[in-house]
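Quick notes on the structure that follows.
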Protein chains: 2
Amino acid sequence: MKMTKRKVSNTLALAVLGLLQEQPMHPYEMAATLRERHKDSSFKVNSGSLYDTVEALVRHDWIEPVETARDGRRPERTVYATTELGQSEFVRWIDELLRMPVAEYPKFMAAVSYLGALGPDRAAEALAERAGHLAQRIEETNTVLADTVGSGKVPRLFMIETECALHAWEAELAWTRRTIAEIRDGSLFWPKVEQTEQGWTWSAPTSPEGTTR
Amino acid sequence: MKMTKRKVSNTLALAVLGLLQEQPMHPYEMAATLRERHKDSSFKVNSGSLYDTVEALVRHDWIEPVETARDGRRPERTVYATTELGQSEFVRWIDELLRMPVAEYPKFMAAVSYLGALGPDRAAEALAERAGHLAQRIEETNTVLADTVGSGKVPRLFMIETECALHAWEAELAWTRRTIAEIRDGSLFWPKVEQTEQGWTWSAPTSPEGTTR
DNA sequence: TACCGTATAGTCGGTTCCTACTATTAGAGA
DNA sequence: TCTCTAATAGTAGGAACCGACTATACGGTA
């Protein structure tokens with residue numbers, strides 16, 4: 001009592017569709033092209049997933065095999081192309097993804113939920129290390145942007161997602177640094193948790209402005 | 001030639017460990033508690049995944065069943081508690097997640113990669129709709145914060161991930177609005193792509209400041 | 001009191017996803 | 001010319017994940 005589920009949800013499929021809008025390709029070439037164009041920071045390019053995704057797209061008639069070539073004794077390669085359905089759904093899908101924000105569950109958010117468990121000192125130290133990594137990643141990404149868009153090799157629109165990611169990381173870095181500061185200067189109060197018969201209680205902050213009462 | 005893989009990577013497992021630090025619980029209660037505390041925006045709480053995750057944690061000796069109770073004729077419930085290993089790994093895992101940023105692949109980033117495919121008008125419109133949804137979500141989250149932390153019911157530290165998420169959404173909203181503006185005033189140039197024998201070419205921007213030459 | 005919606009508690013089956021591995025060839029170096 | 005590495009191209013098996021479903025109890029109401 002269940003049809004093969006209507007939609008392919010993995011975004012790697014979106015990348016595949018995008019590439020096949022340009023020209024027919026075999027999966028390995030898709031992976032290589034995505035890496036060449038630095039799209040592998042927006043899509044998780046994993047050969048196992050890629051072949052599965054391609055098969056799923058074929059099942060839904062969004063793409064179809066157009067030839068199987070063999071180059072010398074290398075394994076046989078199957079070359080795929082989009083269908084008309086694939087072309088229209090490609091655009092529809094992008095539209096939908098842009099319009100409707102969906103809940104994501106980044107690992108960082110999970111860890112921040114339990115920041116308290118580390119205690120103030122270790123938490124601040126861990127966040128500081130993260131801040132360093134983030135800063136480095138931001139710098140590297142700026143370099144990439146400089147020698148693609150900056151040097152006129154690629155139109156800005158084709159790398160716009162990199163700018164988007166950059167802004168997200170900068171925001172995360174800013175939040176991280178601010179939080180480190182708040183931990184260190186005590187403005188993020190660290191309650192001590194105790195268990196009573198009624199359940200859990202925590203100490204209230206000794207308020208610097210006003211009474212605790 | 002492969003041991004049962006060392007680590008449970010699903011962050012829902014982190015939530016389970018966190019709850020069991022407080023007191024033994026059965027899975028259904030974990031889900032209910034997470035929802036009560038609004039932690040279901042940091043962790044994807046899905047009953048299917050939850051039971052799988054609990055089993056995985058048992059396999060790795062991070063938690064263990066402590067009793068199986070039956071209340072009337074309701075299905076039997078198994079109550080779990082952390083082990084010592086679970087307690088130390090809980091802290092280690094948080095530490096690791098905080099220190100090292102990992103690549104995430106949000107759906108939005110994927111869609112932005114192919115923003116070009118929509119054409120400027122539709123792209124701007126889609127982003128505008130997103131901006132509306134984001135603004136609404138931000139407002140709702142502010143309300144939640146106001147009547148938990150704001151009213152002193154819960155210490156700020158226990159909802160800190162909500163502040164973190166809020167900042168991320170605000171940054172996304174800011175980027176989205178700025179990009180809409182750039183599309184509309186033409187400062188984000190939309191190249192026209194053409195296919196030649198050499199491959200692909202795109203029109204260069206007719207630069208407003210300086211010559212195109 | 002018969003019915004209905006919601007809360008409680010969890011199972012089942014299938015799809016997706018990823019890690020690890022296989023196998024061949026081209027080119028660089030010794 | 002032999003070997004080693006990197007690139008080419010993909011397979012296989014299992015873990016993770018999720019949606020849909022099952023079944024009981026409880027409280028209100030028509």
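Note on naming: chains are A, B, ... as they come in the structure tokens, residues start from 1 per chain, ligands start from 1 in the order shown.
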Residue set, stretch 1-209 of chain B restricted to strand (DSSP E or B), as a PyMOL selection string: chain B and resi 25+63-69+77-82+193-196+199-202
Extract, using only C-alpha atoms (C1' of nucleotides), all DNA, RNA and protein residues at most 12 Å from B:Val154, discarding same-chain residues fewer than 3 positions from it, and format them as a JSON list (two decimals) with C-alpha atoms, in the first residue's frame.
[["chain", "number", "residue", "atom", "x", "y", "z"],
["A", 189, "PHE", "CA", 25.38, 32.96, 33.98],
["A", 191, "PRO", "CA", 23.70, 27.84, 36.99],
["A", 193, "VAL", "CA", 22.04, 22.23, 38.93],
["A", 200, "TRP", "CA", 15.59, 19.79, 39.36],
["A", 201, "THR", "CA", 16.46, 23.23, 40.62],
["A", 202, "TRP", "CA", 19.16, 25.65, 39.64],
["A", 203, "SER", "CA", 20.79, 28.52, 41.39],
["A", 204, "ALA", "CA", 19.57, 31.94, 40.28],
["A", 205, "PRO", "CA", 22.07, 34.46, 38.97],
["B", 37, "ARG", "CA", 11.82, 21.85, 26.36],
["B", 38, "HIS", "CA", 11.74, 23.02, 22.75],
["B", 144, "VAL", "CA", 9.28, 31.42, 22.77],
["B", 145, "LEU", "CA", 12.41, 32.99, 24.25],
["B", 146, "ALA", "CA", 10.35, 35.71, 25.89],
["B", 147, "ASP", "CA", 8.13, 33.33, 27.78],
["B", 148, "THR", "CA", 10.82, 30.91, 28.90],
["B", 149, "VAL", "CA", 14.04, 32.77, 29.56],
["B", 150, "GLY", "CA", 12.45, 36.23, 29.51],
["B", 151, "SER", "CA", 10.04, 35.35, 32.27],
["B", 157, "LEU", "CA", 22.14, 28.87, 29.35],
["B", 158, "PHE", "CA", 19.53, 26.14, 28.90],
["B", 159, "MET", "CA", 18.11, 27.89, 25.84],
["B", 160, "ILE", "CA", 21.34, 29.23, 24.42]]
Within 12 Å of A:Lys107 using only C-alpha atoms (C1' of nucleotides), minus same-chain residues under 3 positions, as a ChimeraX atom specification: /A:104,110-114 /B:9-15,41-44,93-106,161,165
Which residues are close to B:Leu188, i.e. within 8 Å by only C-alpha atoms (C1' of nucleotides), leaving aside same-chain residues fewer than 3 positions away? Reply as a list in words. Arg156 and Leu157 of chain A; Thr179, Glu182, Ile183 and Asp185 of chain B
Excluding B:Leu118 and residues on its chain fewer than 4 positions from it, collect all residues at most 10 Å away from it, counting only C-alpha atoms (C1' of nucleotides), and give them as a CSV table (one decimal) with N, CA and C atoms, in the first residue's frame.
chain,number,residue,atom,x,y,z
A,90,PHE,N,13.4,20.3,-12.6
A,90,PHE,CA,14.7,21.0,-12.1
A,90,PHE,C,14.3,22.4,-11.6
A,91,VAL,N,13.7,23.2,-12.4
A,91,VAL,CA,13.4,24.5,-12.1
A,91,VAL,C,12.3,24.6,-11.0
A,92,ARG,N,11.3,23.7,-11.1
A,92,ARG,CA,10.3,23.7,-10.0
A,92,ARG,C,10.9,23.4,-8.6
A,94,ILE,N,14.1,23.9,-7.6
A,94,ILE,CA,14.9,25.1,-7.1
A,94,ILE,C,13.9,26.1,-6.5
A,95,ASP,N,12.9,26.4,-7.2
A,95,ASP,CA,11.9,27.4,-6.8
A,95,ASP,C,11.4,27.0,-5.4
B,114,TYR,N,21.9,27.1,-7.9
B,114,TYR,CA,21.3,27.1,-9.2
B,114,TYR,C,20.3,28.3,-9.4
B,122,ARG,N,11.9,35.7,-11.4
B,122,ARG,CA,11.4,34.6,-10.5
B,122,ARG,C,12.3,34.4,-9.3
B,123,ALA,N,13.6,34.5,-9.5
B,123,ALA,CA,14.6,34.3,-8.4
B,123,ALA,C,14.3,35.3,-7.3
B,124,ALA,N,14.1,36.6,-7.7
B,124,ALA,CA,13.9,37.6,-6.7
B,124,ALA,C,12.6,37.4,-5.9
B,125,GLU,N,11.6,36.9,-6.7
B,125,GLU,CA,10.3,36.7,-6.1
B,125,GLU,C,10.4,35.5,-5.1
B,126,ALA,N,11.1,34.5,-5.5
B,126,ALA,CA,11.2,33.3,-4.6
B,126,ALA,C,11.9,33.7,-3.3
For chain C versus chain B, which residues have an atom no more than 12 Å away, and what is each residue's nearest atom pair and distance in Å rounded to one decimal, using only C-alpha atoms (C1' of nucleotides), chain-then-number order, as CSV?
residue,atom,partner,partner_atom,distance
C:DA7,C1',B:Ala32,CA,10.8
C:DT8,C1',B:Arg74,CA,7.8
C:DA9,C1',B:Pro75,CA,6.0
C:DG10,C1',B:Pro75,CA,7.5
C:DT11,C1',B:Gly48,CA,8.6
C:DC12,C1',B:Gly48,CA,9.6
C:DG13,C1',B:Gly48,CA,11.5
C:DT19,C1',B:Lys5,CA,9.8
C:DA20,C1',B:Lys2,CA,8.6
C:DC21,C1',B:Met1,CA,10.2
Print the selection's residues with N, CA and C atoms (P, O5', C5', C4', C3', O3' and C1' of nucleotides) to a file, as a PDB file, in the first residue's frame.
ATOM      1  P    DA C   7      -2.913  15.396  22.591  1.00  0.00           P
ATOM      2  O5'  DA C   7      -2.318  14.313  23.596  1.00  0.00           O
ATOM      3  C5'  DA C   7      -2.956  14.109  24.852  1.00  0.00           C
ATOM      4  C4'  DA C   7      -2.484  12.795  25.431  1.00  0.00           C
ATOM      5  C3'  DA C   7      -0.972  12.559  25.292  1.00  0.00           C
ATOM      6  O3'  DA C   7      -0.488  12.164  26.567  1.00  0.00           O
ATOM      7  C1'  DA C   7      -2.160  10.707  24.434  1.00  0.00           C
ATOM      8  P    DT C   8       1.056  11.751  26.771  1.00  0.00           P
ATOM      9  O5'  DT C   8       1.035  10.174  26.646  1.00  0.00           O
ATOM     10  C5'  DT C   8       0.247   9.420  27.543  1.00  0.00           C
ATOM     11  C4'  DT C   8       0.429   7.944  27.248  1.00  0.00           C
ATOM     12  C3'  DT C   8       1.898   7.508  27.133  1.00  0.00           C
ATOM     13  O3'  DT C   8       2.106   6.422  28.009  1.00  0.00           O
ATOM     14  C1'  DT C   8       0.658   6.729  25.293  1.00  0.00           C
ATOM     15  P    DA C   9       3.566   6.064  28.439  1.00  0.00           P
ATOM     16  O5'  DA C   9       4.097   5.212  27.204  1.00  0.00           O
ATOM     17  C5'  DA C   9       3.863   3.793  27.178  1.00  0.00           C
ATOM     18  C4'  DA C   9       4.301   3.210  25.865  1.00  0.00           C
ATOM     19  C3'  DA C   9       5.726   3.529  25.412  1.00  0.00           C
ATOM     20  O3'  DA C   9       6.561   2.417  25.723  1.00  0.00           O
ATOM     21  C1'  DA C   9       4.159   3.412  23.594  1.00  0.00           C
ATOM     22  P    DG C  10       8.065   2.331  25.180  1.00  0.00           P
ATOM     23  O5'  DG C  10       7.874   1.764  23.717  1.00  0.00           O
ATOM     24  C5'  DG C  10       7.053   0.585  23.611  1.00  0.00           C
ATOM     25  C4'  DG C  10       6.720   0.342  22.182  1.00  0.00           C
ATOM     26  C3'  DG C  10       7.928   0.022  21.301  1.00  0.00           C
ATOM     27  O3'  DG C  10       7.904  -1.341  20.991  1.00  0.00           O
ATOM     28  C1'  DG C  10       6.279   1.318  20.168  1.00  0.00           C
ATOM     29  P    DT C  11       9.124  -2.045  20.276  1.00  0.00           P
ATOM     30  O5'  DT C  11       8.435  -2.422  18.880  1.00  0.00           O
ATOM     31  C5'  DT C  11       7.165  -3.049  18.893  1.00  0.00           C
ATOM     32  C4'  DT C  11       6.700  -3.222  17.462  1.00  0.00           C
ATOM     33  C3'  DT C  11       7.729  -3.858  16.527  1.00  0.00           C
ATOM     34  O3'  DT C  11       7.020  -4.838  15.772  1.00  0.00           O
ATOM     35  C1'  DT C  11       6.994  -1.795  15.618  1.00  0.00           C
ATOM     36  P    DC C  12       7.844  -5.917  14.933  1.00  0.00           P
ATOM     37  O5'  DC C  12       7.666  -5.385  13.444  1.00  0.00           O
ATOM     38  C5'  DC C  12       6.453  -4.728  13.100  1.00  0.00           C
ATOM     39  C4'  DC C  12       6.503  -4.347  11.623  1.00  0.00           C
ATOM     40  C3'  DC C  12       7.600  -5.044  10.822  1.00  0.00           C
ATOM     41  O3'  DC C  12       7.032  -5.435   9.596  1.00  0.00           O
ATOM     42  C1'  DC C  12       7.884  -2.683  10.704  1.00  0.00           C
ATOM     43  P    DG C  13       7.827  -6.430   8.608  1.00  0.00           P
ATOM     44  O5'  DG C  13       8.078  -5.474   7.357  1.00  0.00           O
ATOM     45  C5'  DG C  13       7.033  -4.621   6.906  1.00  0.00           C
ATOM     46  C4'  DG C  13       7.597  -3.641   5.894  1.00  0.00           C
ATOM     47  C3'  DG C  13       8.696  -4.224   5.001  1.00  0.00           C
ATOM     48  O3'  DG C  13       8.491  -3.761   3.673  1.00  0.00           O
ATOM     49  C1'  DG C  13       9.528  -2.329   6.184  1.00  0.00           C
ATOM     50  P    DT C  19      31.169   8.316   4.901  1.00  0.00           P
ATOM     51  O5'  DT C  19      32.000   7.010   5.270  1.00  0.00           O
ATOM     52  C5'  DT C  19      31.457   6.074   6.200  1.00  0.00           C
ATOM     53  C4'  DT C  19      32.015   4.689   5.934  1.00  0.00           C
ATOM     54  C3'  DT C  19      33.500   4.683   5.562  1.00  0.00           C
ATOM     55  O3'  DT C  19      34.148   3.737   6.396  1.00  0.00           O
ATOM     56  C1'  DT C  19      32.225   3.495   3.926  1.00  0.00           C
ATOM     57  P    DA C  20      35.776   3.594   6.301  1.00  0.00           P
ATOM     58  O5'  DA C  20      35.958   2.270   5.445  1.00  0.00           O
ATOM     59  C5'  DA C  20      35.087   1.154   5.669  1.00  0.00           C
ATOM     60  C4'  DA C  20      35.221   0.192   4.517  1.00  0.00           C
ATOM     61  C3'  DA C  20      36.660   0.028   4.014  1.00  0.00           C
ATOM     62  O3'  DA C  20      36.951  -1.360   3.958  1.00  0.00           O
ATOM     63  C1'  DA C  20      35.210   0.473   2.202  1.00  0.00           C
ATOM     64  P    DC C  21      38.489  -1.831   3.647  1.00  0.00           P
ATOM     65  O5'  DC C  21      38.339  -2.413   2.179  1.00  0.00           O
ATOM     66  C5'  DC C  21      37.292  -3.358   1.915  1.00  0.00           C
ATOM     67  C4'  DC C  21      36.996  -3.392   0.428  1.00  0.00           C
ATOM     68  C3'  DC C  21      38.218  -3.594  -0.463  1.00  0.00           C
ATOM     69  O3'  DC C  21      38.288  -4.976  -0.810  1.00  0.00           O
ATOM     70  C1'  DC C  21      36.624  -2.049  -1.392  1.00  0.00           C
TER      71       DC C  21
END
Could you tell me how far atom CA of A:Glu163 sits from atom CA of B:Arg137, in Å to one decimal place? 23.2 Å
Could you list, as a VMD selection string, the residues of chain D having an atom within 9 Å of chain A when counting only C-alpha atoms (C1' of nucleotides)? chain D and resid 8 to 11
Check stretch 122-151 of chain B with DSSP on the backbone and list each residue it calls alpha helix (DSSP H), as number ranges by chain. B: 122-145
Counting only C-alpha atoms, the option among B:Leu166, B:Ile138, B:Ala81, B:Met109 closest to chain A: B:Met109
As a PyMOL selection string, please: the residues near C:DC3 (cut-off 12 Å, only C-alpha atoms (C1' of nucleotides), same-chain neighbours under 2 positions excluded). (chain C and resi 1+5) or (chain D and resi 28-30)
Keeping C-alpha atoms (C1' of nucleotides), export the residues of the selection given above as a short mmCIF file (atom, residue, chain, number, x, y, z; two decimals), in the first residue's frame.
data_model
loop_
_atom_site.label_atom_id
_atom_site.label_comp_id
_atom_site.auth_asym_id
_atom_site.auth_seq_id
_atom_site.Cartn_x
_atom_site.Cartn_y
_atom_site.Cartn_z
"C1'" DT C 1 -23.36 4.26 26.81
"C1'" DG C 5 -10.31 12.32 19.36
"C1'" DG D 28 -15.39 14.31 27.06
"C1'" DT D 29 -19.81 14.53 24.81
"C1'" DA D 30 -24.09 13.53 22.24
#
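Residues in contact with D:DT1 at 12 Å, where only C-alpha atoms (C1' of nucleotides) are counted and same-chain residues fewer than 2 positions away are skipped, are listed as DG29 and DA30 of chain C; DT3 of chain D.
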Go ahead and write the residues just picked, N, CA and C atoms (P, O5', C5', C4', C3', O3' and C1' of nucleotides), as an mmCIF file, in the first residue's frame.
data_model
loop_
_atom_site.group_PDB
_atom_site.id
_atom_site.type_symbol
_atom_site.label_atom_id
_atom_site.label_comp_id
_atom_site.auth_asym_id
_atom_site.auth_seq_id
_atom_site.Cartn_x
_atom_site.Cartn_y
_atom_site.Cartn_z
ATOM 1 P P DG C 29 58.189 13.317 -12.234
ATOM 2 O "O5'" DG C 29 59.131 12.163 -11.640
ATOM 3 C "C5'" DG C 29 58.514 11.015 -11.223
ATOM 4 C "C4'" DG C 29 59.392 10.005 -10.557
ATOM 5 C "C3'" DG C 29 60.894 10.184 -10.556
ATOM 6 O "O3'" DG C 29 61.366 9.577 -9.359
ATOM 7 C "C1'" DG C 29 60.344 8.292 -11.895
ATOM 8 P P DA C 30 62.875 9.680 -8.894
ATOM 9 O "O5'" DA C 30 63.429 8.214 -9.138
ATOM 10 C "C5'" DA C 30 62.789 7.094 -8.547
ATOM 11 C "C4'" DA C 30 63.532 5.829 -8.992
ATOM 12 C "C3'" DA C 30 65.044 6.001 -9.066
ATOM 13 O "O3'" DA C 30 65.678 4.922 -8.404
ATOM 14 C "C1'" DA C 30 64.214 5.231 -11.155
ATOM 15 P P DT D 3 58.440 -5.063 -11.530
ATOM 16 O "O5'" DT D 3 58.172 -3.741 -10.676
ATOM 17 C "C5'" DT D 3 59.290 -2.963 -10.210
ATOM 18 C "C4'" DT D 3 58.796 -1.623 -9.695
ATOM 19 C "C3'" DT D 3 57.492 -1.722 -8.889
ATOM 20 O "O3'" DT D 3 57.638 -0.937 -7.729
ATOM 21 C "C1'" DT D 3 57.286 -0.066 -10.552
#
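Restricting the calculation to only C-alpha atoms, the smallest distance between chain B and any of A:Asp40, A:Thr33, A:Glu67, A:Asp61 is found for A:Asp40.
Distances from A:Arg130, A:Arg177, A:Lys7, A:Lys153 to chain B were compared using only C-alpha atoms, and the smallest one belongs to A:Arg130.
Here atom CA of B:Gln87 and atom CA of B:Gln23 stand 12.2 Å from one another.
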For a test of reading the model, state the distance in Å between atom CA of A:Thr82 and atom CA of A:Ala32, rounded to one decimal. 18.5 Å
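Among A:Gly116, A:Val16, A:Tyr80, A:Gln136, the residue with the shortest atom-to-atom distance to A:Ser49, counting only C-alpha atoms, is A:Val16.
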